[in-house]
Every structure is written in C-alpha cells, then in structure tokens.
>>> print(open('protein.txt').read())   # compact mmCIF, C-alpha atoms
# COMPACT_ATOMS: atom_id res chain seq x y z
CA MET A 195 103.01 105.92 157.69
CA PHE A 196 105.48 103.77 155.83
CA ARG A 197 102.96 103.38 152.99
CA ALA A 198 102.46 107.12 152.84
CA LYS A 199 106.21 107.61 152.52
CA ILE A 200 106.44 105.05 149.76
CA GLY A 201 103.53 106.77 148.02
CA PHE A 202 105.29 110.10 148.26
CA VAL A 203 108.55 108.71 146.89
CA VAL A 204 106.76 107.01 144.00
CA SER A 205 104.84 110.19 143.17
CA ALA A 206 108.01 112.24 143.28
CA LEU A 207 109.80 109.79 141.03
CA CYS A 208 106.93 109.85 138.57
CA LEU A 209 107.03 113.62 138.46
CA LEU A 210 110.76 113.59 137.93
CA ALA A 211 110.48 110.93 135.26
CA SER A 212 107.81 112.92 133.48
CA GLY A 213 110.13 115.89 133.53
CA ALA A 214 107.49 118.11 135.09
CA PHE A 215 110.04 119.77 137.32
CA GLY A 216 112.33 120.36 134.38
CA GLY A 217 109.68 122.34 132.55
CA ASP A 218 109.43 119.73 129.82
CA TRP A 219 106.31 119.40 127.76
CA GLN A 220 104.00 116.45 128.17
CA VAL A 221 102.32 115.54 124.93
CA ASP A 222 98.63 114.74 125.16
CA THR A 223 98.54 111.91 122.63
CA ALA A 224 94.74 111.73 122.73
CA GLN A 225 94.57 115.24 121.27
CA SER A 226 97.67 115.03 119.12
CA GLU A 227 98.19 113.64 115.65
CA ILE A 228 101.21 112.44 113.74
CA SER A 229 100.57 111.19 110.23
CA ALA A 230 102.24 110.48 106.93
CA VAL A 231 100.51 111.42 103.70
CA GLY A 232 101.50 109.58 100.56
CA THR A 233 99.81 108.78 97.29
CA LEU A 234 98.32 105.60 95.89
CA ASN A 235 97.57 105.66 92.17
CA GLY A 236 97.72 109.43 92.40
CA LYS A 237 95.26 109.69 95.29
CA GLU A 238 96.30 110.96 98.72
CA ARG A 239 96.41 108.37 101.46
CA THR A 240 97.04 109.11 105.12
CA ILE A 241 98.55 106.80 107.70
CA ALA A 242 98.33 107.84 111.35
CA PHE A 243 100.91 106.83 113.94
CA LYS A 244 99.04 105.90 117.08
CA ASP A 245 101.78 104.93 119.49
CA TYR A 246 104.68 107.26 120.18
CA THR A 247 106.48 108.72 123.14
CA ALA A 248 107.65 112.28 122.93
CA SER A 249 110.17 113.96 125.12
CA ILE A 250 110.15 117.68 124.48
CA ALA A 251 112.03 120.54 126.08
CA PHE A 252 111.29 123.81 124.40
CA ASP A 253 111.47 127.42 125.46
CA PRO A 254 110.93 130.01 122.73
CA ALA A 255 113.00 132.44 124.80
CA ASP A 256 116.01 130.16 124.89
CA LEU A 257 116.21 127.77 121.95
CA SER A 258 119.63 126.47 123.01
CA THR A 259 118.01 124.46 125.80
CA GLY A 260 115.47 122.88 123.47
CA SER A 261 115.39 119.27 122.43
CA ILE A 262 112.86 116.96 120.85
CA SER A 263 112.95 113.22 120.90
CA ILE A 264 110.12 111.04 119.63
CA ASP A 265 110.03 107.27 119.59
CA PHE A 266 107.46 105.58 117.38
CA ASP A 267 106.11 102.09 117.53
CA VAL A 268 105.49 101.62 113.80
CA THR A 269 103.40 98.52 114.39
CA LYS A 270 100.68 100.78 115.76
CA MET A 271 99.63 102.67 112.68
CA GLU A 272 96.16 103.19 111.31
CA ASP A 273 94.73 103.85 107.90
CA PRO A 274 91.10 105.00 108.11
CA LEU A 275 90.40 103.60 104.63
CA ASP A 276 91.96 100.21 105.30
CA PHE A 277 88.67 98.33 105.51
CA THR A 278 90.26 94.94 104.84
CA GLY A 279 93.41 95.36 106.93
CA ASP A 280 95.55 94.75 103.85
CA VAL A 281 97.17 98.19 103.82
CA VAL A 282 98.50 98.12 107.36
CA ALA A 283 99.50 94.47 106.94
CA THR A 284 101.41 95.50 103.83
CA LEU A 285 103.12 98.33 105.65
CA MET A 286 104.33 95.77 108.21
CA HIS A 287 105.81 93.67 105.39
CA SER A 288 109.58 93.41 105.21
CA SER A 289 109.55 95.51 102.01
CA TRP A 290 108.00 98.34 104.00
CA PHE A 291 108.43 99.04 107.73
CA ASP A 292 109.32 95.45 108.56
CA GLY A 293 107.34 95.89 111.76
CA GLU A 294 107.96 92.40 113.06
CA THR A 295 111.71 92.94 113.12
CA ILE A 296 112.03 96.69 113.57
CA ALA A 297 109.13 98.13 115.50
CA LYS A 298 110.93 101.32 116.45
CA ALA A 299 111.42 104.53 114.52
CA SER A 300 112.62 107.77 116.04
CA PHE A 301 113.37 111.41 115.59
CA VAL A 302 116.04 113.02 117.75
CA SER A 303 116.88 116.69 117.42
CA GLU A 304 120.40 118.04 117.62
CA GLN A 305 119.40 121.66 117.77
CA ILE A 306 116.38 123.86 117.47
CA ILE A 307 116.84 127.07 115.53
CA GLN A 308 114.75 130.02 114.53
CA GLY A 309 113.18 129.49 111.12
CA GLU A 310 111.39 131.85 108.79
CA ASN A 311 108.19 133.77 109.59
CA GLY A 312 108.54 133.21 113.31
CA ASP A 313 108.61 129.45 112.88
CA TYR A 314 111.19 127.12 114.36
CA GLU A 315 113.21 124.31 112.92
CA ALA A 316 114.27 121.18 114.73
CA VAL A 317 117.37 119.87 113.01
CA GLY A 318 118.02 116.27 113.79
CA THR A 319 118.01 112.67 112.71
CA LEU A 320 115.10 110.54 111.63
CA THR A 321 115.66 106.82 111.92
CA VAL A 322 113.26 104.47 110.17
CA LYS A 323 113.98 100.83 109.44
CA ASN A 324 117.35 101.35 111.13
CA ILE A 325 118.30 103.89 108.45
CA ALA A 326 119.25 107.29 109.87
CA LYS A 327 118.91 110.43 107.77
CA PRO A 328 119.31 114.10 108.64
CA VAL A 329 115.94 115.81 108.68
CA THR A 330 114.84 119.35 109.38
CA VAL A 331 111.44 119.67 110.96
CA PRO A 332 109.82 123.09 110.55
CA PHE A 333 107.12 123.81 113.10
CA ARG A 334 105.00 126.57 114.57
CA PHE A 335 104.65 126.91 118.29
CA GLU A 336 101.42 128.40 119.55
CA THR A 337 100.68 129.01 123.17
CA ILE A 338 97.18 128.00 124.22
CA ASP A 339 97.40 129.23 127.81
CA ALA A 340 99.97 129.52 130.60
CA SER A 341 100.50 125.78 130.77
CA SER A 342 99.66 124.42 127.36
CA ALA A 343 100.74 124.89 123.78
CA VAL A 344 100.51 123.31 120.40
CA ALA A 345 103.29 122.55 117.95
CA VAL A 346 102.21 122.15 114.34
CA THR A 347 103.96 121.41 111.08
CA ASP A 348 102.39 121.77 107.70
CA GLY A 349 104.61 119.15 106.31
CA ILE A 350 108.02 117.56 106.29
CA ALA A 351 108.79 116.40 102.77
CA LEU A 352 110.48 113.01 102.71
CA ASN A 353 111.26 110.42 100.11
CA ARG A 354 110.24 106.99 101.39
CA MET A 355 112.98 105.34 99.33
CA ASP A 356 115.59 107.10 101.49
CA PHE A 357 114.45 104.68 104.18
CA GLU A 358 113.94 101.77 101.79
CA LEU A 359 110.22 101.82 102.44
CA GLY A 360 108.48 99.88 99.71
CA LYS A 361 111.76 98.89 98.10
CA GLY A 362 111.06 96.23 95.50
CA TRP A 363 107.33 96.85 95.82
CA GLU A 364 106.81 98.06 92.30
CA PHE A 365 104.26 96.67 89.90
CA PRO A 366 101.56 98.04 87.65
CA GLY A 367 98.21 98.64 89.27
CA TYR A 368 99.40 99.99 92.61
CA GLU A 369 101.64 102.97 92.15
CA VAL A 370 102.75 104.29 95.48
CA GLY A 371 104.30 107.75 95.24
CA GLU A 372 107.81 108.12 96.61
CA ASP A 373 107.09 111.53 98.09
CA VAL A 374 105.64 111.44 101.55
CA THR A 375 104.67 114.37 103.73
CA VAL A 376 104.79 113.92 107.47
CA LYS A 377 102.46 116.14 109.42
CA PHE A 378 101.94 116.57 113.11
CA ARG A 379 99.93 118.54 115.56
CA LEU A 380 101.18 118.00 119.07
CA VAL A 381 99.19 119.33 121.98
CA ALA A 382 101.36 119.57 125.06
CA SER A 383 101.25 120.94 128.54
CA ARG A 384 103.59 121.66 131.41
CA PRO A 385 103.19 123.14 134.87
CA ALA A 386 102.59 126.88 134.70
CA GLN A 387 105.79 128.76 135.41
CA MET B 27 64.49 69.62 63.43
CA GLU B 28 67.47 69.72 61.14
CA ARG B 29 70.30 72.03 61.79
CA GLY B 30 70.40 75.07 59.63
CA THR B 31 66.72 75.40 59.10
CA LEU B 32 66.11 77.83 61.93
CA ALA B 33 68.25 80.84 61.50
CA ASP B 34 69.85 81.72 58.27
CA SER B 35 73.28 82.35 59.66
CA ALA B 36 75.67 82.20 62.54
CA TYR B 37 76.77 85.12 64.66
CA GLY B 38 79.34 87.28 62.92
CA ARG B 39 83.04 87.09 63.54
CA VAL B 40 83.06 90.17 65.77
CA ALA B 41 80.18 88.99 67.95
CA LYS B 42 81.76 85.54 68.31
CA THR B 43 85.15 86.97 69.20
CA LEU B 44 83.68 89.30 71.81
CA HIS B 45 81.49 86.52 73.26
CA TRP B 46 84.37 84.10 73.72
CA LEU B 47 86.80 86.73 74.91
CA VAL B 48 84.39 87.81 77.63
CA PHE B 49 83.73 84.16 78.48
CA GLY B 50 87.45 83.48 78.90
CA LEU B 51 88.07 86.66 80.87
CA PHE B 52 85.13 86.02 83.19
CA PHE B 53 86.44 82.56 84.00
CA ALA B 54 89.86 84.04 84.69
CA ALA B 55 88.57 86.87 86.90
CA PHE B 56 86.03 84.83 88.88
CA PRO B 57 88.30 82.15 90.41
CA LEU B 58 91.09 84.73 90.73
CA GLY B 59 88.75 86.92 92.77
CA ILE B 60 87.93 84.11 95.17
CA TYR B 61 91.56 82.99 95.43
CA MET B 62 93.18 86.39 95.97
CA HIS B 63 90.57 87.48 98.50
CA ASN B 64 91.81 84.85 100.94
CA LEU B 65 95.53 85.54 100.55
CA LYS B 66 97.55 87.25 103.24
CA ALA B 67 98.77 90.74 102.37
CA SER B 68 101.83 90.32 100.16
CA PRO B 69 103.17 91.70 96.89
CA GLU B 70 101.59 88.69 95.15
CA LYS B 71 98.18 89.53 96.57
CA PHE B 72 98.34 93.07 95.24
CA GLU B 73 99.63 91.89 91.88
CA LEU B 74 96.67 89.53 91.61
CA TYR B 75 94.27 92.30 92.64
CA ALA B 76 95.76 94.52 89.94
CA LEU B 77 95.34 91.72 87.40
CA HIS B 78 91.74 91.05 88.52
CA LYS B 79 90.86 94.74 88.20
CA SER B 80 92.48 95.05 84.79
CA ILE B 81 90.55 92.00 83.57
CA GLY B 82 87.34 93.47 85.01
CA VAL B 83 87.79 96.78 83.22
CA THR B 84 88.61 94.89 80.02
CA ILE B 85 85.36 92.91 80.37
CA LEU B 86 83.43 96.13 80.95
CA THR B 87 84.93 97.65 77.80
CA LEU B 88 84.34 94.54 75.68
CA VAL B 89 80.74 94.21 76.83
CA ALA B 90 80.10 97.87 76.00
CA LEU B 91 81.62 97.22 72.55
CA ARG B 92 79.55 94.09 72.16
CA LEU B 93 76.34 95.94 72.93
CA ALA B 94 77.28 98.76 70.58
CA TRP B 95 78.08 96.21 67.87
CA ARG B 96 74.79 94.46 68.50
CA LEU B 97 72.88 97.67 67.88
CA PHE B 98 74.07 97.69 64.28
CA ASN B 99 74.46 93.97 63.72
CA ARG B 100 71.35 92.22 64.90
CA PRO B 101 71.97 88.71 66.21
CA PRO B 102 70.38 85.84 64.30
CA PRO B 103 66.81 85.30 65.50
CA LEU B 104 65.63 82.42 67.63
CA PRO B 105 64.00 79.53 65.79
CA ALA B 106 60.53 80.53 64.64
CA ASP B 107 58.92 77.69 66.56
CA THR B 108 60.45 78.69 69.92
CA PRO B 109 57.63 78.67 72.49
CA PRO B 110 56.91 82.13 73.96
CA LEU B 111 58.01 81.13 77.45
CA GLU B 112 61.34 79.83 76.14
CA ARG B 113 61.77 82.93 74.04
CA PHE B 114 61.18 85.04 77.14
CA ALA B 115 63.62 82.91 79.16
CA ALA B 116 66.30 83.09 76.47
CA HIS B 117 66.06 86.88 76.21
CA GLY B 118 65.87 87.21 79.99
CA VAL B 119 69.05 85.19 80.48
CA HIS B 120 70.87 87.07 77.72
CA TRP B 121 69.95 90.50 79.03
CA GLY B 122 70.57 89.34 82.58
CA MET B 123 74.11 88.38 81.59
CA TYR B 124 74.67 91.73 79.89
CA ALA B 125 73.40 93.47 83.01
CA MET B 126 75.70 91.43 85.26
CA LEU B 127 78.67 91.97 82.98
CA PHE B 128 78.19 95.68 83.54
CA ALA B 129 77.21 95.46 87.18
CA ILE B 130 80.06 93.20 88.37
CA PRO B 131 82.96 95.37 87.19
CA LEU B 132 81.13 98.58 88.13
CA ALA B 133 80.55 97.28 91.67
CA GLY B 134 84.22 96.24 91.85
CA TRP B 135 85.28 99.65 90.61
CA ALA B 136 83.04 101.30 93.25
CA MET B 137 84.57 99.05 95.94
CA SER B 138 88.02 100.25 94.96
CA SER B 139 86.92 103.88 94.87
CA ALA B 140 85.29 103.56 98.29
CA SER B 141 88.49 102.25 99.87
CA GLY B 142 90.82 104.77 98.28
CA PHE B 143 92.33 102.47 95.66
CA PRO B 144 91.80 104.16 92.31
CA VAL B 145 91.53 101.42 89.68
CA GLN B 146 94.37 101.19 87.20
CA TRP B 147 93.93 99.40 83.91
CA TRP B 148 97.03 97.33 83.17
CA GLY B 149 99.05 100.02 84.92
CA VAL B 150 98.37 102.39 82.02
CA VAL B 151 95.14 104.24 82.70
CA THR B 152 93.97 105.34 86.13
CA LEU B 153 90.20 105.47 86.31
CA PRO B 154 88.37 108.21 88.20
CA ASP B 155 86.56 107.32 91.40
CA ILE B 156 82.84 106.65 90.99
CA VAL B 157 81.72 106.70 94.63
CA GLY B 158 82.88 108.51 97.75
CA GLN B 159 85.31 106.98 100.22
CA SER B 160 83.51 105.33 103.11
CA ARG B 161 83.24 102.01 104.87
CA GLU B 162 79.49 101.88 104.08
CA ASN B 163 80.11 102.23 100.36
CA PHE B 164 82.90 99.69 100.48
CA GLU B 165 80.78 97.08 102.29
CA LEU B 166 77.78 97.71 100.03
CA PHE B 167 79.66 97.36 96.76
CA LYS B 168 81.74 94.45 98.02
CA GLU B 169 78.51 92.62 98.78
CA LEU B 170 77.01 93.52 95.40
CA HIS B 171 80.22 92.56 93.55
CA GLU B 172 80.06 89.08 95.07
CA ILE B 173 76.31 88.60 94.65
CA PHE B 174 76.40 89.73 91.01
CA ALA B 175 79.31 87.39 90.27
CA PHE B 176 77.39 84.41 91.59
CA VAL B 177 74.21 85.50 89.77
CA MET B 178 76.32 85.63 86.60
CA LEU B 179 77.63 82.15 87.28
CA GLY B 180 74.05 80.91 87.65
CA LEU B 181 73.00 82.59 84.41
CA ILE B 182 75.98 81.06 82.60
CA LEU B 183 74.97 77.61 83.80
CA VAL B 184 71.43 78.12 82.48
CA HIS B 185 72.81 79.55 79.24
CA VAL B 186 75.24 76.67 78.68
CA GLY B 187 72.60 74.13 79.69
CA ALA B 188 70.16 75.60 77.17
CA ALA B 189 72.79 75.67 74.42
CA LEU B 190 73.70 72.04 75.03
CA ASN B 191 70.03 71.08 75.12
CA HIS B 192 69.54 72.72 71.73
CA HIS B 193 72.57 70.99 70.30
CA PHE B 194 72.23 67.46 71.61
CA ARG B 195 68.52 67.00 72.19
CA ARG B 196 66.86 69.27 69.74
CA LYS B 197 69.72 68.98 67.28
CA ASN B 198 69.43 72.52 65.98
CA SER B 199 72.10 75.13 65.21
CA ILE B 200 71.69 77.37 68.23
CA LEU B 201 75.04 76.27 69.69
CA ALA B 202 76.85 75.98 66.38
CA ARG B 203 76.06 79.52 65.35
CA MET B 204 78.12 80.90 68.22
CA VAL B 205 80.94 78.32 68.30
CA PRO B 206 83.93 79.20 66.11
CA PHE B 207 84.71 76.76 63.29
CA MET B 208 81.49 74.84 63.89
CA SER B 209 79.63 74.59 60.63
CA ILE B 210 75.93 75.13 60.26
CA ARG B 211 74.51 72.72 57.77
CA GLU B 212 72.01 74.23 55.43
CA SER B 213 69.00 72.08 54.81
>>> encode(input="protein.txt", output="structure tokens")
Amino acid sequence: MFRAKIGFVVSALCLLASGAFGGDWQVDTAQSEISAVGTLNGKERTIAFKDYTASIAFDPADLSTGSISIDFDVTKMEDPLDFTGDVVATLMHSSWFDGETIAKASFVSEQIIQGENGDYEAVGTLTVKNIAKPVTVPFRFETIDASSAVAVTDGIALNRMDFELGKGWEFPGYEVGEDVTVKFRLVASRPAQ
Amino acid sequence: MERGTLADSAYGRVAKTLHWLVFGLFFAAFPLGIYMHNLKASPEKFELYALHKSIGVTILTLVALRLAWRLFNRPPPLPADTPPLERFAAHGVHWGMYAMLFAIPLAGWAMSSASGFPVQWWGVVTLPDIVGQSRENFELFKELHEIFAFVMLGLILVHVGAALNHHFRRKNSILARMVPFMSIRES
C-alpha cells in the first residue's frame, strides 16, 4: 500500500515536471533534428546537435503564453563526414566551442510573435560560449494530429564570429565560412486537449 | 666502362630541375604525412594537413609537367650494353615511380573529397571534388594513399640503389647525368 502511494506520488511528480498538465510540448528527440550548416572551403558542412533539452509552451491561439527554452550540451555534436574524429575534436577546441570548459549553450525566448506568411517568430537570446546575443527564430508550426505537432525552421542566419567560434582559427587551406545557418525540425507531443 | 661513353649527354636542365624538385617535395610530404596523422586535433594539425595537401598538388602538377616535357625531350638512352632484364627493370621502376607520383596525390585528393574537405592549393585554388562523400570512399582512398606512398618509397630505394651501383661499381655516367653540377667526362 505504502509502495503504491509512493509510486503514485512519483508518477504525479514526473508528470508535473514534464509539464504534461500545463499543456507543454514534449520534444521527441529521436525524431527531431537540430543542426548547424556552415561551409568548409566553400562546401556545405552540417553539424548535428544530439543532446538538448527543450521546454516549450506554445498555443497558436494565444501567443502571449508561449515560451521556448532549449539547453544544448555542445559536447554531444556529430558530423556525419567526420571519419577521423578531427572535426568534432576541433569544434571542442578552445578556439571553437571550448566544450571542456563550457558545455552548455542555450536559447531562451522572451516572446513569440506572429511572423509573415502564417509563420511565427521566437524572439529571444542565444547564448553560446557564454556570449549572449539577441536572436529571432522564425518557425512554422504544423499540427500532425490532436496531440502532436512539428515546428520547423528553414534557417536562422548567424555569424559564428559573434560568438567567437573559430576565433584565431584562420589559415590557408581550411577556410571556414563565417555564415552559419541553424536549422531545426522539432517533433513534439502533448496530451490531447 | 669509362664514364661518358654510354650516353652522349646528361638530362637537360628542365628535367633535372623537375626531378630534384619532386624528390625534395616527396621527402617533405612523406614524413609530414606520417607525423601529422598522429597529432591530436589542433590548429597545427590542420596547418600541417594544408601544407601536406599543397605539396601533394604541387607534386602532381610537376610530374604532369615532367611527363609532358619528356614527350618532347627524350631522356638520354640507357647504355647500349644494358642487359635486357636490367633495361626492363630500369623502365619498370621509372614508370612505376611516375604512376605512383600520380596515384599518391590523386588518392589523397579523393580522400579529402570523400570526407568533405575540398583540397586547397596553398590557400589560393580550391580543387573540385573527384569522388563522392562517403566513409567507404574515404577508407578506400586512405588505404591506397598509404600503400602507394610506401610502394613509392620502395621504388625510390631500388632507383637510388641502382644509380649508386652504376656510379661506384660500374663507374658509368648514369648517376652523373641526372645530378646537377656533376660533370660527365667524355672519353
């Protein structure tokens, strides 16, 4: 009996912590993707962020209640073409993400507003390498069914030097473009309402 | 046999220059390749990779020039009394080295293409990719790049050994005709 009670309390706490009762969205990271596309010697190169925690409240009918907060562990990134491990190791270097010292990056929205063509914009702050910059994230919100939806962006244009990524890493032979496009496709669900 | 009786002349200035340039560049790129491969990811590692690739593309260009030059400027012939087997071996080693001097940089270039690192030549020219991006291609050309480099090293050893044998034991002008400032005595 006592065990059953404990079990109930733990389950209830988990539900509360997950925000299920608040109508928040739970991101299915297995189906979702967040990546950054840059260029190396003029060729596109994509890095995928594999470890992040998203906390999303979003109701298209009432944007004022919306908020998005995503924490990234930058040490968990993948480059599908990094056959030697050198690229990710480089990105962990102090000139780049400095993963050993600063594993965390984040995006926190201040407000979500209606954008153009039925899209939305999350206006907030992106913090990478402990450098915070205002960023506007345009995204589309598409309902899959009563309890699930997908949020997609075609691209957030950033300049990596704003976050001192790759600062001092300049030499002939490996030209890394300063322009980076962050893309995401977040598949999320919440209890049907 | 006295020196100078076999071939009427030495290699020309252009052929000699290209030969020794490629020799020097190969012995810069080869140890560099082994050294940099084992470094931890760092700016230095990438700088050395960039240098290695630029040297490789330079070798490829010089060897192409050398072959083109050779078409119109025939190298001095082997001594008339060279036994057929030796003649075959000498030509085999020479053409083997030409083949490797093409194959090594091309395999390296393919390796870079396969892993999404377009090759830049001294930071000036970016070369197009020559194979598709895939782990299979990368592993294949990495393997070939290494094997070809060691085959080249073996061929160089044979080549140098033969040249020294000609010079010190047979006392002919085979070595002298390719070494700058080494005179060929006419008989």
>>> atom_distance(input="protein.txt", atom1="CA of Ser160 in chain B", atom2="CA of Gly142 in chain B")
8.8 Å
>>> residues_around(input="protein.txt", residues="range 65-80 of chain B", least_positions_apart="3", cutoff="7 Å", atoms="all atoms listed in the file", output="list in words")
Asp280, Ala283, Thr284, Trp363, Phe365 and Gly367 of chain A; Ala55, Leu58, Gly59, Tyr61, Met62, Val83, Thr84, Val145, Gln146, Trp147 and Trp148 of chain B
>>> atom_distance(input="protein.txt", atom1="CA of Ala129 in chain B", atom2="CA of Thr87 in chain B")
12.3 Å
>>> atom_distance(input="protein.txt", atom1="CA of Ser342 in chain A", atom2="CA of Ala382 in chain A")
5.6 Å
>>> closest_residue(input="protein.txt", among="A:Ala351, A:Tyr368, A:Met271, A:Val331", to="chain B", atoms="all atoms listed in the file")
A:Tyr368
>>> residues_around(input="protein.txt", residues="Ile306 in chain A", least_positions_apart="6", cutoff="12 Å", atoms="all atoms listed in the file", output="list of chain:residue names")
A:Ile250, A:Ala251, A:Phe252, A:Asp253, A:Pro254, A:Ala255, A:Asp256, A:Leu257, A:Ser258, A:Thr259, A:Gly260, A:Ser261, A:Ile262, A:Ser263, A:Asp313, A:Tyr314, A:Glu315, A:Ala316, A:Val317, A:Gly318, A:Val329, A:Thr330, A:Val331, A:Pro332, A:Phe333
>>> residues_around(input="protein.txt", residues="His117 in chain B", least_positions_apart="6", cutoff="10 Å", atoms="all atoms listed in the file", output="PyMOL selection string")
chain B and resi 104+111+123
>>> residues_near_point(input="protein.txt", point="(112.7, 110.6, 115.9)", cutoff="6 Å", atoms="only C-alpha atoms", output="list of chain:residue names")
A:Ser263, A:Ile264, A:Asp265, A:Ser300, A:Phe301, A:Val302, A:Leu320
>>> write_last_selection(input="protein.txt", atoms="C-alpha atoms", output="mmCIF file, in the coordinates of the input")
data_model
loop_
_atom_site.group_PDB
_atom_site.id
_atom_site.type_symbol
_atom_site.label_atom_id
_atom_site.label_comp_id
_atom_site.auth_asym_id
_atom_site.auth_seq_id
_atom_site.Cartn_x
_atom_site.Cartn_y
_atom_site.Cartn_z
ATOM 1 C CA SER A 263 112.950 113.220 120.900
ATOM 2 C CA ILE A 264 110.120 111.040 119.630
ATOM 3 C CA ASP A 265 110.030 107.270 119.590
ATOM 4 C CA SER A 300 112.620 107.770 116.040
ATOM 5 C CA PHE A 301 113.370 111.410 115.590
ATOM 6 C CA VAL A 302 116.040 113.020 117.750
ATOM 7 C CA LEU A 320 115.100 110.540 111.630
#
>>> interface_residues(input="protein.txt", of="chain A", to="chain B", cutoff="12 Å", atoms="all atoms listed in the file", output="PyMOL selection string")
chain A and resi 232-240+273-290+360-370
>>> write_last_selection(input="protein.txt", atoms="C-alpha atoms", output="CSV table (one decimal), in the coordinates of the input")
chain,number,residue,atom,x,y,z
A,232,GLY,CA,101.5,109.6,100.6
A,233,THR,CA,99.8,108.8,97.3
A,234,LEU,CA,98.3,105.6,95.9
A,235,ASN,CA,97.6,105.7,92.2
A,236,GLY,CA,97.7,109.4,92.4
A,237,LYS,CA,95.3,109.7,95.3
A,238,GLU,CA,96.3,111.0,98.7
A,239,ARG,CA,96.4,108.4,101.5
A,240,THR,CA,97.0,109.1,105.1
A,273,ASP,CA,94.7,103.8,107.9
A,274,PRO,CA,91.1,105.0,108.1
A,275,LEU,CA,90.4,103.6,104.6
A,276,ASP,CA,92.0,100.2,105.3
A,277,PHE,CA,88.7,98.3,105.5
A,278,THR,CA,90.3,94.9,104.8
A,279,GLY,CA,93.4,95.4,106.9
A,280,ASP,CA,95.6,94.8,103.8
A,281,VAL,CA,97.2,98.2,103.8
A,282,VAL,CA,98.5,98.1,107.4
A,283,ALA,CA,99.5,94.5,106.9
A,284,THR,CA,101.4,95.5,103.8
A,285,LEU,CA,103.1,98.3,105.6
A,286,MET,CA,104.3,95.8,108.2
A,287,HIS,CA,105.8,93.7,105.4
A,288,SER,CA,109.6,93.4,105.2
A,289,SER,CA,109.6,95.5,102.0
A,290,TRP,CA,108.0,98.3,104.0
A,360,GLY,CA,108.5,99.9,99.7
A,361,LYS,CA,111.8,98.9,98.1
A,362,GLY,CA,111.1,96.2,95.5
A,363,TRP,CA,107.3,96.8,95.8
A,364,GLU,CA,106.8,98.1,92.3
A,365,PHE,CA,104.3,96.7,89.9
A,366,PRO,CA,101.6,98.0,87.6
A,367,GLY,CA,98.2,98.6,89.3
A,368,TYR,CA,99.4,100.0,92.6
A,369,GLU,CA,101.6,103.0,92.2
A,370,VAL,CA,102.8,104.3,95.5
>>> residues_around(input="protein.txt", residues="Leu132 in chain B", least_positions_apart="6", cutoff="10 Å", atoms="all atoms listed in the file", output="list of chain:residue names")
B:Gly82, B:Val83, B:Leu86, B:Met126, B:Ser138, B:Ile156, B:Phe167, B:Leu170, B:His171
>>> closest_residue(input="protein.txt", among="B:Leu166, B:Ile60, B:Ile173, B:Gly187", to="Ile200 in chain B", atoms="all atoms listed in the file")
B:Gly187
>>> residues_near_point(input="protein.txt", point="(101.8, 107.6, 111.5)", cutoff="12 Å", atoms="all atoms listed in the file", output="short mmCIF file (atom, residue, chain, number, x, y, z; two decimals) with C-alpha atoms, in the frame of the given file")
data_model
loop_
_atom_site.label_atom_id
_atom_site.label_comp_id
_atom_site.auth_asym_id
_atom_site.auth_seq_id
_atom_site.Cartn_x
_atom_site.Cartn_y
_atom_site.Cartn_z
CA SER A 226 97.67 115.03 119.12
CA GLU A 227 98.19 113.64 115.65
CA ILE A 228 101.21 112.44 113.74
CA SER A 229 100.57 111.19 110.23
CA ALA A 230 102.24 110.48 106.93
CA VAL A 231 100.51 111.42 103.70
CA GLY A 232 101.50 109.58 100.56
CA ARG A 239 96.41 108.37 101.46
CA THR A 240 97.04 109.11 105.12
CA ILE A 241 98.55 106.80 107.70
CA ALA A 242 98.33 107.84 111.35
CA PHE A 243 100.91 106.83 113.94
CA LYS A 244 99.04 105.90 117.08
CA ASP A 245 101.78 104.93 119.49
CA TYR A 246 104.68 107.26 120.18
CA ASP A 265 110.03 107.27 119.59
CA PHE A 266 107.46 105.58 117.38
CA ASP A 267 106.11 102.09 117.53
CA VAL A 268 105.49 101.62 113.80
CA THR A 269 103.40 98.52 114.39
CA LYS A 270 100.68 100.78 115.76
CA MET A 271 99.63 102.67 112.68
CA GLU A 272 96.16 103.19 111.31
CA ASP A 273 94.73 103.85 107.90
CA PRO A 274 91.10 105.00 108.11
CA VAL A 282 98.50 98.12 107.36
CA LEU A 285 103.12 98.33 105.65
CA PHE A 291 108.43 99.04 107.73
CA ALA A 299 111.42 104.53 114.52
CA SER A 300 112.62 107.77 116.04
CA VAL A 322 113.26 104.47 110.17
CA VAL A 374 105.64 111.44 101.55
CA THR A 375 104.67 114.37 103.73
CA VAL A 376 104.79 113.92 107.47
CA LYS A 377 102.46 116.14 109.42
CA PHE A 378 101.94 116.57 113.11
CA ARG A 379 99.93 118.54 115.56
#
>>> closest_residue(input="protein.txt", among="B:Lys168, B:Phe128, B:Asn198, B:Met204", to="Asp107 in chain B", atoms="all atoms listed in the file")
B:Asn198
>>> closest_residue(input="protein.txt", among="A:Asn353, A:Thr319, A:Ser383, A:Gln308", to="Ile338 in chain A", atoms="all atoms listed in the file")
A:Ser383
>>> closest_residue(input="protein.txt", among="A:Asp373, A:Pro328, A:Ala224, A:Glu310", to="Gly349 in chain A", atoms="only C-alpha atoms")
A:Asp373
>>> closest_residue(input="protein.txt", among="B:Met208, B:Leu201, B:Leu179, B:Ala94", to="Phe53 in chain B", atoms="all atoms listed in the file")
B:Leu179
